[in-house]
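Asks: Next up, final-v2.cif (mmCIF, C-alpha atoms).
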```cif
data_coords
#
loop_
_atom_site.label_atom_id
_atom_site.label_comp_id
_atom_site.auth_asym_id
_atom_site.auth_seq_id
_atom_site.Cartn_x
_atom_site.Cartn_y
_atom_site.Cartn_z
CA MET A 78 10.60 -15.42 54.78
CA SER A 79 14.34 -15.31 54.03
CA ASN A 80 16.17 -12.02 53.73
CA SER A 81 16.65 -12.51 49.99
CA ASN A 82 12.96 -13.27 49.41
CA MET A 83 11.93 -10.32 51.51
CA ARG A 84 14.26 -8.06 49.54
CA ARG A 85 12.74 -9.35 46.28
CA ALA A 86 9.22 -8.82 47.58
CA ILE A 87 10.09 -5.27 48.63
CA GLY A 88 11.64 -4.68 45.19
CA LEU A 89 8.52 -5.99 43.46
CA PHE A 90 6.29 -3.75 45.57
CA ALA A 91 8.45 -0.73 44.70
CA LEU A 92 8.46 -1.69 41.03
CA CYS A 93 4.67 -1.96 40.86
CA LEU A 94 4.24 1.26 42.83
CA ALA A 95 6.52 3.12 40.44
CA ALA A 96 4.61 1.77 37.45
CA THR A 97 1.34 3.04 38.90
CA SER A 98 2.43 6.46 40.10
CA ALA A 99 4.80 7.53 37.32
CA GLN A 100 2.80 6.89 34.15
CA ALA A 101 1.49 10.44 33.91
CA ALA A 102 5.06 11.71 33.55
CA GLN A 103 5.94 8.83 31.18
CA THR A 104 8.96 7.67 33.13
CA THR A 105 8.33 3.96 32.58
CA CYS A 106 7.22 1.61 29.80
CA ALA A 107 3.81 0.34 30.85
CA PRO A 108 2.95 -2.06 32.31
CA LEU A 109 6.45 -2.34 33.79
CA GLY A 110 7.83 -0.04 36.44
CA ALA A 111 11.23 1.16 37.63
CA LEU A 112 13.41 0.11 40.52
CA PRO A 113 13.69 2.68 43.36
CA LEU A 114 17.50 2.87 43.30
CA TYR A 115 17.51 3.85 39.60
CA ARG A 116 16.38 6.91 37.66
CA LEU A 117 15.54 7.52 34.01
CA ASP A 118 18.54 8.71 32.01
CA GLU A 119 18.60 12.05 30.18
CA ASP A 120 17.09 10.64 26.96
CA GLY A 121 13.82 9.90 28.74
CA VAL A 122 11.31 7.34 27.51
CA GLN A 123 11.66 6.68 23.78
CA LEU A 124 8.35 5.94 22.04
CA ARG A 125 7.98 4.66 18.47
CA ILE A 126 4.72 4.14 16.60
CA HIS A 127 6.37 1.23 14.78
CA ASP A 128 9.83 -0.25 15.16
CA VAL A 129 11.65 -3.59 15.36
CA HIS A 130 13.50 -4.95 18.38
CA GLN A 131 15.56 -8.13 18.61
CA PHE A 132 14.49 -10.35 21.50
CA PRO A 133 16.78 -13.15 22.74
CA VAL A 134 14.66 -16.32 22.84
CA GLU A 135 15.55 -19.87 23.84
CA ASP A 136 15.61 -22.16 20.81
CA THR A 137 14.16 -25.67 20.66
CA ASP A 138 17.63 -27.20 20.88
CA GLY A 139 18.36 -25.33 24.12
CA GLY A 140 20.42 -22.64 22.45
CA ALA A 141 19.47 -19.01 21.95
CA ARG A 142 18.27 -17.11 18.91
CA TRP A 143 17.21 -13.53 18.23
CA ASP A 144 13.65 -12.90 17.04
CA ASP A 145 12.76 -9.64 15.31
CA ILE A 146 9.46 -8.37 16.75
CA ALA A 147 7.78 -5.34 15.19
CA GLY A 148 5.14 -3.09 16.66
CA ARG A 149 4.50 -0.10 18.90
CA GLN A 150 7.66 0.26 20.95
CA CYS A 151 8.66 1.84 24.25
CA HIS A 152 12.29 1.96 25.39
CA ALA A 153 13.69 3.33 28.64
CA ARG A 154 17.18 3.31 30.11
CA TYR A 155 17.80 3.66 33.83
CA VAL A 156 20.99 4.62 35.67
CA PRO A 157 21.77 4.58 39.41
CA LYS A 158 20.58 7.45 41.57
CA ASN A 159 23.68 6.90 43.68
CA ASP A 160 26.70 4.98 42.43
CA ASP A 161 27.31 3.68 45.94
CA ARG A 162 23.96 1.90 46.02
CA LEU A 163 23.64 -0.67 43.25
CA MET A 164 21.66 -3.84 42.77
CA SER A 165 23.22 -6.97 41.31
CA ASP A 166 22.12 -8.04 37.86
CA LEU A 167 20.54 -11.12 39.41
CA GLU A 168 18.42 -8.97 41.72
CA ILE A 169 17.47 -6.59 38.90
CA GLN A 170 16.42 -9.41 36.61
CA GLU A 171 14.53 -11.30 39.33
CA ASN A 172 12.52 -8.20 40.21
CA TYR A 173 11.38 -7.73 36.61
CA ARG A 174 10.76 -11.46 36.11
CA THR A 175 8.55 -11.51 39.17
CA GLN A 176 6.53 -8.57 37.94
CA MET A 177 6.18 -10.00 34.42
CA ARG A 178 4.96 -13.32 35.79
CA ALA A 179 2.50 -11.45 38.02
CA LEU A 180 1.15 -9.80 34.86
CA GLY A 181 0.63 -13.25 33.32
CA ALA A 182 3.61 -13.17 30.96
CA THR A 183 5.66 -16.23 30.06
CA VAL A 184 9.43 -15.96 30.41
CA LEU A 185 10.97 -17.20 27.15
CA ASN A 186 14.63 -16.66 27.93
CA SER A 187 16.66 -15.60 30.93
CA ASP A 188 20.25 -15.32 32.04
CA ARG A 189 22.15 -13.08 34.42
CA ASN A 190 21.85 -10.02 32.15
CA ASN A 191 18.70 -10.64 30.08
CA THR A 192 15.06 -11.54 30.41
CA THR A 193 12.64 -11.96 27.53
CA ALA A 194 8.94 -12.50 28.23
CA LYS A 195 5.73 -12.58 26.22
CA LEU A 196 2.20 -11.68 27.30
CA THR A 197 -0.87 -12.59 25.24
CA LYS A 198 -4.10 -11.11 26.49
CA ASN A 199 -7.42 -10.22 24.84
CA GLY A 200 -5.99 -11.07 21.41
CA ALA A 201 -2.99 -8.74 21.81
CA THR A 202 0.63 -9.79 22.26
CA THR A 203 3.19 -7.77 24.20
CA TRP A 204 6.90 -8.56 24.39
CA PHE A 205 9.29 -7.52 27.17
CA HIS A 206 13.08 -7.40 27.18
CA ILE A 207 15.15 -6.40 30.20
CA TRP A 208 18.90 -5.96 29.86
CA SER A 209 21.06 -4.96 32.79
CA GLN A 210 24.67 -4.45 33.82
CA GLU A 211 24.25 -3.11 37.39
CA THR A 212 24.96 0.51 36.39
CA SER A 213 22.53 0.44 33.49
CA ILE A 214 19.09 -1.08 32.93
CA GLU A 215 17.35 -1.07 29.55
CA VAL A 216 13.65 -1.87 29.35
CA THR A 217 11.98 -2.49 25.98
CA VAL A 218 8.26 -3.17 25.58
CA VAL A 219 6.79 -3.95 22.16
CA GLN A 220 3.07 -4.26 21.46
CA GLN A 221 3.30 -6.59 18.47
CA GLN A 222 1.36 -5.35 15.44
CA GLU A 223 1.70 -4.53 11.76
CA ALA A 224 2.63 -1.03 10.68
CA ASP A 225 -0.15 1.33 9.62
CA PHE A 226 -0.06 2.33 5.96
CA VAL A 227 0.56 6.07 6.04
CA LEU A 228 2.27 6.92 2.73
CA THR A 229 0.78 10.04 1.18
CA ALA A 230 -0.73 10.14 -2.28
CA PRO A 231 1.94 10.85 -4.93
CA GLY A 232 2.75 14.54 -5.22
CA PRO A 233 4.72 16.65 -7.73
CA SER A 234 8.11 15.65 -6.27
CA ASP A 235 7.21 11.97 -5.79
CA HIS A 236 7.35 9.09 -8.21
CA ARG A 237 4.00 8.97 -10.01
CA LEU A 238 3.09 5.64 -8.36
CA LEU A 239 4.55 6.14 -4.87
CA GLY A 240 3.91 8.74 -2.20
CA HIS A 241 6.11 9.51 0.79
CA MET A 242 6.16 9.27 4.57
CA PRO A 243 4.26 12.04 6.41
CA ASP A 244 6.41 14.83 7.89
CA TYR A 245 9.15 14.32 5.29
CA VAL A 246 10.13 16.88 2.67
CA ALA A 247 11.33 15.94 -0.82
CA GLY A 248 14.39 17.41 -2.46
CA PRO A 249 14.45 18.09 -6.21
CA PRO A 250 13.75 14.79 -8.01
CA GLU A 251 16.23 13.56 -10.60
CA ARG A 252 14.91 12.03 -13.83
CA ARG A 253 16.99 10.30 -16.50
CA SER A 254 15.55 8.85 -19.69
CA PHE A 255 17.96 5.91 -19.56
CA ASP A 256 20.19 4.79 -16.70
CA GLU A 257 20.82 1.79 -14.51
CA ALA A 258 20.61 0.67 -10.89
CA THR A 259 21.90 -2.33 -8.96
CA ILE A 260 19.19 -4.49 -7.36
CA SER A 261 19.85 -7.07 -4.64
CA ILE A 262 17.89 -10.33 -4.72
CA ASP A 263 17.53 -13.15 -2.18
CA GLY A 264 18.67 -16.54 -3.40
CA ASP A 265 17.35 -19.97 -2.45
CA ASP A 266 20.62 -20.77 -0.68
CA GLY A 267 20.34 -17.73 1.59
CA ASP A 268 22.88 -15.76 -0.39
CA VAL A 269 22.14 -12.33 -1.83
CA ARG A 270 23.15 -11.53 -5.41
CA ASP A 271 23.13 -8.30 -7.39
CA ILE A 272 21.80 -7.62 -10.86
CA ASP A 273 21.81 -4.45 -12.97
CA VAL A 274 18.54 -3.12 -14.36
CA ASN A 275 18.21 -0.50 -17.11
CA GLY A 276 15.54 1.98 -18.05
CA ALA A 277 14.10 5.36 -17.18
CA ARG A 278 15.48 6.35 -13.77
CA PHE A 279 13.76 8.36 -11.04
CA PHE A 280 15.57 9.38 -7.86
CA VAL A 281 14.45 11.50 -4.90
CA ARG A 282 15.81 12.17 -1.42
CA TYR A 283 13.49 12.95 1.50
CA GLU A 284 14.43 14.57 4.80
CA ALA A 285 12.41 14.73 8.01
CA ALA A 286 10.70 18.10 8.33
CA ASP A 287 12.07 20.57 10.88
CA ARG A 288 11.04 19.82 14.47
CA SER A 289 9.30 16.59 13.44
CA LYS A 290 10.27 13.24 14.88
CA PRO A 291 11.66 10.91 12.20
CA ALA A 292 9.96 7.61 11.59
CA SER A 293 11.88 4.44 12.38
CA ASP A 294 13.57 2.58 9.55
CA ALA A 295 11.20 -0.32 10.24
CA ASP A 296 8.16 1.93 9.75
CA ILE A 297 9.56 3.49 6.57
CA HIS A 298 10.34 0.19 4.91
CA ALA A 299 7.12 -1.49 6.05
CA ASN A 300 5.16 1.30 4.34
CA TYR A 301 7.00 1.07 1.02
CA ARG A 302 6.77 -2.72 1.07
CA MET A 303 3.02 -2.42 1.57
CA ALA A 304 2.88 0.05 -1.33
CA VAL A 305 4.69 -2.46 -3.55
CA LYS A 306 2.24 -5.20 -2.58
CA LYS A 307 -0.72 -2.88 -3.25
CA LEU A 308 0.70 -2.52 -6.76
CA GLY A 309 0.79 -6.31 -7.09
CA GLY A 310 4.58 -6.51 -6.78
CA GLU A 311 7.08 -8.52 -4.78
CA VAL A 312 9.88 -7.68 -2.37
CA LEU A 313 13.15 -9.19 -3.63
CA HIS A 314 15.42 -8.42 -0.67
CA SER A 315 15.14 -6.36 2.49
CA ASP A 316 16.89 -5.61 5.75
CA HIS A 317 16.56 -2.85 8.34
CA GLN A 318 17.84 -0.13 5.97
CA TRP A 319 17.30 -1.45 2.42
CA THR A 320 14.34 -2.66 0.36
CA TYR A 321 14.52 -3.93 -3.22
CA ALA A 322 11.33 -4.80 -5.08
CA ARG A 323 9.75 -5.29 -8.50
CA PHE A 324 6.22 -4.60 -9.75
CA VAL A 325 4.36 -4.14 -13.03
CA HIS A 326 2.03 -1.25 -13.86
CA GLU A 327 0.19 -0.98 -17.18
CA GLY A 328 2.54 -3.50 -18.76
CA GLN A 329 5.70 -1.76 -17.56
CA VAL A 330 8.18 -3.41 -15.19
CA PHE A 331 9.39 -1.20 -12.32
CA TRP A 332 12.31 -1.84 -9.98
CA LEU A 333 12.47 -0.14 -6.59
CA LYS A 334 15.54 0.53 -4.46
CA LEU A 335 14.99 2.18 -1.07
CA PHE A 336 17.53 3.26 1.53
CA SER A 337 16.74 4.94 4.85
CA GLN A 338 18.51 6.26 7.89
CA GLU A 339 15.44 7.49 9.80
CA ALA A 340 15.76 11.22 9.05
CA ASP A 341 16.89 10.55 5.46
CA ILE A 342 15.19 8.44 2.78
CA GLU A 343 16.53 7.77 -0.72
CA LEU A 344 14.23 6.25 -3.35
CA THR A 345 15.33 5.01 -6.77
CA VAL A 346 12.85 3.62 -9.31
CA ILE A 347 13.83 2.15 -12.67
CA GLU A 348 11.10 1.84 -15.29
CA GLU A 349 12.38 -1.00 -17.43
CA LYS A 350 11.93 -0.62 -21.16
CA PRO A 351 9.21 -3.03 -22.31
CA PHE A 352 10.12 -6.11 -24.32
CA GLN A 353 8.65 -5.81 -27.81
CA ALA A 354 9.08 -9.30 -29.26
CA SER A 355 5.43 -10.28 -28.84
CA ILE A 356 4.01 -7.23 -30.63
CA THR A 357 3.96 -9.07 -33.97
CA PRO A 358 3.23 -12.76 -33.28
CA PRO A 359 4.80 -15.36 -35.60
CA ARG A 360 2.44 -16.77 -38.23
CA ALA A 361 1.38 -20.40 -38.20
CA ASP A 362 3.58 -21.22 -41.21
CA GLU A 363 6.60 -19.67 -39.45
CA LEU A 364 5.91 -21.78 -36.38
CA ARG A 365 5.71 -24.89 -38.56
CA THR A 366 9.03 -24.09 -40.25
CA ALA A 367 10.77 -23.67 -36.90
CA LEU A 368 9.28 -26.92 -35.55
CA ASP A 369 10.35 -28.84 -38.67
CA LYS A 370 13.89 -27.48 -38.32
CA ASP A 371 14.51 -27.57 -34.56
CA GLY A 372 11.61 -29.49 -33.05
CA ARG A 373 10.77 -26.46 -30.89
CA VAL A 374 9.96 -22.77 -31.15
CA SER A 375 9.92 -19.96 -28.57
CA LEU A 376 6.96 -17.64 -28.06
CA HIS A 377 6.74 -14.54 -25.91
CA VAL A 378 3.27 -14.56 -24.39
CA ASN A 379 2.11 -11.83 -22.04
CA PHE A 380 0.74 -12.84 -18.63
CA ASP A 381 -0.25 -10.78 -15.61
CA PHE A 382 2.74 -10.05 -13.39
CA ALA A 383 3.71 -13.06 -11.24
CA LYS A 384 0.48 -14.80 -12.32
CA ALA A 385 -0.65 -17.34 -14.90
CA THR A 386 -3.48 -15.19 -16.24
CA LEU A 387 -3.16 -14.54 -19.98
CA LYS A 388 -3.35 -10.91 -21.00
CA PRO A 389 -5.75 -9.94 -23.82
CA ASP A 390 -2.83 -9.20 -26.14
CA ALA A 391 -1.83 -12.88 -25.91
CA THR A 392 -4.85 -13.83 -28.05
CA PRO A 393 -3.14 -13.27 -31.44
CA VAL A 394 -0.30 -15.60 -30.41
CA ILE A 395 -2.70 -18.30 -29.28
CA ASP A 396 -4.69 -17.95 -32.50
CA GLN A 397 -1.56 -18.68 -34.57
CA VAL A 398 -0.80 -21.79 -32.47
CA LEU A 399 -4.42 -22.85 -32.98
CA ALA A 400 -4.07 -22.39 -36.75
CA LEU A 401 -0.88 -24.48 -36.70
CA LEU A 402 -2.64 -27.34 -34.91
CA ARG A 403 -5.63 -27.20 -37.27
CA THR A 404 -3.47 -27.43 -40.40
CA ASP A 405 -1.72 -30.57 -39.07
CA PRO A 406 -4.19 -32.83 -37.18
CA ALA A 407 -1.36 -35.27 -36.33
CA LEU A 408 0.76 -32.63 -34.59
CA ARG A 409 1.15 -33.03 -30.84
CA LEU A 410 2.73 -30.28 -28.75
CA SER A 411 4.24 -29.93 -25.32
CA ILE A 412 3.65 -26.40 -24.03
CA GLU A 413 6.64 -25.56 -21.82
CA GLY A 414 6.90 -22.50 -19.59
CA HIS A 415 10.12 -20.66 -18.68
CA THR A 416 10.89 -17.65 -16.47
CA ASP A 417 13.81 -15.43 -15.59
CA ASP A 418 15.59 -16.17 -12.30
CA ILE A 419 14.08 -13.39 -10.21
CA GLY A 420 12.45 -15.07 -7.20
CA SER A 421 12.91 -18.53 -5.74
CA ALA A 422 13.53 -21.52 -8.00
CA GLY A 423 10.52 -23.35 -6.60
CA SER A 424 8.08 -20.48 -7.17
CA ASN A 425 9.44 -19.92 -10.68
CA ARG A 426 8.96 -23.57 -11.64
CA LYS A 427 5.42 -23.50 -10.27
CA LEU A 428 4.60 -20.27 -12.12
CA SER A 429 6.07 -21.51 -15.40
CA LEU A 430 4.00 -24.71 -15.19
CA GLN A 431 0.83 -22.78 -14.40
CA ARG A 432 1.43 -20.50 -17.38
CA ALA A 433 1.95 -23.47 -19.67
CA GLN A 434 -1.27 -24.99 -18.33
CA SER A 435 -3.10 -21.72 -19.01
CA MET A 436 -2.07 -21.90 -22.67
CA VAL A 437 -3.16 -25.54 -22.88
CA GLU A 438 -6.55 -24.63 -21.40
CA ALA A 439 -6.93 -21.73 -23.84
CA LEU A 440 -6.26 -24.04 -26.81
CA VAL A 441 -8.57 -26.79 -25.50
CA THR A 442 -11.31 -24.20 -25.02
CA LYS A 443 -10.93 -23.32 -28.70
CA GLY A 444 -11.47 -26.96 -29.71
CA VAL A 445 -8.07 -28.68 -29.63
CA ALA A 446 -8.27 -32.27 -28.33
CA PRO A 447 -6.63 -32.49 -24.87
CA GLU A 448 -4.61 -35.58 -25.83
CA ARG A 449 -2.72 -33.53 -28.42
CA LEU A 450 -1.28 -31.27 -25.72
CA LYS A 451 0.71 -31.53 -22.52
CA SER A 452 2.36 -28.97 -20.28
CA ALA A 453 5.61 -28.58 -18.35
CA GLY A 454 7.34 -25.84 -16.38
CA PHE A 455 11.08 -25.37 -16.01
CA GLY A 456 11.32 -21.99 -14.27
CA ALA A 457 14.75 -20.50 -14.91
CA ASP A 458 16.48 -23.88 -15.40
CA LYS A 459 16.79 -23.57 -19.21
CA ALA A 460 17.83 -19.98 -19.72
CA LEU A 461 18.58 -18.78 -23.25
CA ALA A 462 20.43 -15.65 -22.13
CA ASP A 463 22.14 -14.01 -19.16
CA ASN A 464 19.63 -13.13 -16.44
CA ALA A 465 21.94 -10.33 -15.26
CA THR A 466 20.65 -8.05 -18.05
CA SER A 467 17.19 -6.70 -18.86
CA GLU A 468 17.43 -8.08 -22.42
CA GLY A 469 18.46 -11.51 -21.17
CA ARG A 470 15.64 -11.72 -18.65
CA ALA A 471 13.14 -10.71 -21.35
CA ARG A 472 14.37 -13.50 -23.64
CA ASN A 473 14.13 -16.05 -20.85
CA ARG A 474 10.50 -15.22 -20.01
CA ARG A 475 8.94 -17.36 -22.70
CA VAL A 476 6.71 -20.28 -23.64
CA GLU A 477 8.07 -22.97 -25.96
CA LEU A 478 6.20 -25.28 -28.30
CA VAL A 479 7.94 -28.66 -28.45
CA ARG A 480 6.92 -31.49 -30.77
CA PHE A 481 6.35 -34.86 -29.08
#
```
Here is the file; what I need is its structure written in the form of structure tokens.
Replies:
Amino acid sequence: MSNSNMRRAIGLFALCLAATSAQAAQTTCAPLGALPLYRLDEDGVQLRIHDVHQFPVEDTDGGARWDDIAGRQCHARYVPKNDDRLMSDLEIQENYRTQMRALGATVLNSDRNNTTAKLTKNGATTWFHIWSQETSIEVTVVQQQEADFVLTAPGPSDHRLLGHMPDYVAGPPERRSFDEATISIDGDDGDVRDIDVNGARFFVRYEAADRSKPASDADIHANYRMAVKKLGGEVLHSDHQWTYARFVHEGQVFWLKLFSQEADIELTVIEEKPFQASITPPRADELRTALDKDGRVSLHVNFDFAKATLKPDATPVIDQVLALLRTDPALRLSIEGHTDDIGSAGSNRKLSLQRAQSMVEALVTKGVAPERLKSAGFGADKALADNATSEGRARNRRVELVRF
């Protein structure tokens, strides 16, 4: 055996020995160990119930990319025991690579200063990242998994629909009957745009309780995103410190804006004022007059949020369309759906078509011949008003009857 191979074998033996003997004191991130010439720095082993780490991974074109992996995380940093006795980065990395391969992991990326590996065993996936620069070694181990939902039930200082992270204390909530907030939204082209939303405003700031360990930003935002989805809503934009979302509860549209910096959380919720145009549906004769004049007429029909399911209060509108069709047996209508521009263009076109089809099905069920109707969906492509305002978005969410 060459001197270099022997040195690597000795290093591997020391690494495995350290991993076995030191776990009780939590000086390593299992199942990896520590090299004998290095000691844990003063911060010790950092454990997180849920966090995100960026792993350098080789791309299909031979380049490198960074993958965000979330889960239970362990991080440790090692420094030399003696500055006169250092290992080269190559030797450091080769020692860890050898141990990871011995564990059954696959090395996904490696260079002089980095190693990324992945171990899948018994249905669980563990990621490893080793970074080194001779005088410093950083070891990160992530057991990949979703965050646990731990938000409390809403309390007196919380928004009525959203609780808070455990071990955080709320400051005095601020409530305004009418205010605005800026919401960021992902675009189809990868850009992020801002819109202003108006309505009743709720704001609260949370701080980590004394002597409690703050949650990671990843854990905080994962929990609020899960809460939004439990309410049937959608996340509009998110990164490691911000989440913007929209949901509907009991017919009301809510907008959420969340900022965190681990020990501090700021939550803003805007309860948008409901659009009232569909309260009194147009009569059949009014629909006929509009069709005779313009060849089309707009209706505001209520559907479940982000779905094509007609709400019960849509029945009076459909009944007037039915009466219109019965008074003129020769009338043929295209039912055309339209949305605001919140969400991707593709999903909006699909939703608008499905909503138009739902109206067609409702009319056919009531006895209208299918050949007298057709459906189309245009998403946000034919806006009537500016989608940057609440009023404009409400006008754009509509169904049109078009003579054909």
Asks: Could you pull the residues within 7 Å of region 223-229 of chain A, counting only C-alpha atoms, minus those fewer than 4 positions along the same chain, as a ChimeraX atom specification?
Replies: /A:127,148,240-243,296,299-300
Asks: Go ahead and save the residues from that selection, with C-alpha atoms, as a compact mmCIF listing (two decimals), in the frame of the given file.
Replies:
```txt
# COMPACT_ATOMS: atom_id res chain seq x y z
CA HIS A 127 6.37 1.23 14.78
CA GLY A 148 5.14 -3.09 16.66
CA GLY A 240 3.91 8.74 -2.20
CA HIS A 241 6.11 9.51 0.79
CA MET A 242 6.16 9.27 4.57
CA PRO A 243 4.26 12.04 6.41
CA ASP A 296 8.16 1.93 9.75
CA ALA A 299 7.12 -1.49 6.05
CA ASN A 300 5.16 1.30 4.34
```
Asks: Applying the PyMOL selection byres ((chain A and resi 338) around 12) to the file I just gave you, which residues come out? Please list them as number ranges by chain.
Replies: A: 282-285, 291-298, 317-319, 335-337, 339-343
Asks: Compare A:Val134, A:Asp381, A:Met303, A:Arg432 by their minimum atom-to-atom distance to His326 (chain A), counting only C-alpha atoms, and give me the closest one.
Replies: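 Using only C-alpha atoms, the shortest distance to His326 (chain A) belongs to A:Asp381.
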Asks: Given only C-alpha atoms as the basis, pick out the residue of A:Ala277, A:Leu308, A:Leu440, A:Ala422 nearest to Phe382 (chain A).
Replies: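 Looking at the shortest contact to Phe382 (chain A), the residue is A:Leu308.
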Asks: I'd like the residues picked by the PyMOL selection byres ((chain A and resi 186-202) around 10) written out as a PyMOL selection string, using the chain letters and numbers from the file.
Replies: chain A and resi 132-136+140-142+148+165-171+173-174+177-178+180-185+203-211+214-222
Asks: Where does the PyMOL selection byres ((chain A and resi 115) around 6) land in this file, that is, which residues does it pick, as a PDB file with C-alpha atoms, in the coordinates of the input?
Replies:
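The file below, result.pdb, is the result:
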```pdb
ATOM      1  CA  LEU A 112      13.410   0.110  40.520  1.00  0.00           C
ATOM      2  CA  PRO A 113      13.690   2.680  43.360  1.00  0.00           C
ATOM      3  CA  LEU A 114      17.500   2.870  43.300  1.00  0.00           C
ATOM      4  CA  ARG A 116      16.380   6.910  37.660  1.00  0.00           C
ATOM      5  CA  TYR A 155      17.800   3.660  33.830  1.00  0.00           C
ATOM      6  CA  VAL A 156      20.990   4.620  35.670  1.00  0.00           C
ATOM      7  CA  PRO A 157      21.770   4.580  39.410  1.00  0.00           C
ATOM      8  CA  LYS A 158      20.580   7.450  41.570  1.00  0.00           C
TER       9      LYS A 158
END
```
Asks: At what distance in Å, to one decimal, does CA of Leu344 (chain A) lie from CA of Ser315 (chain A)?
Replies: 13.9 Å
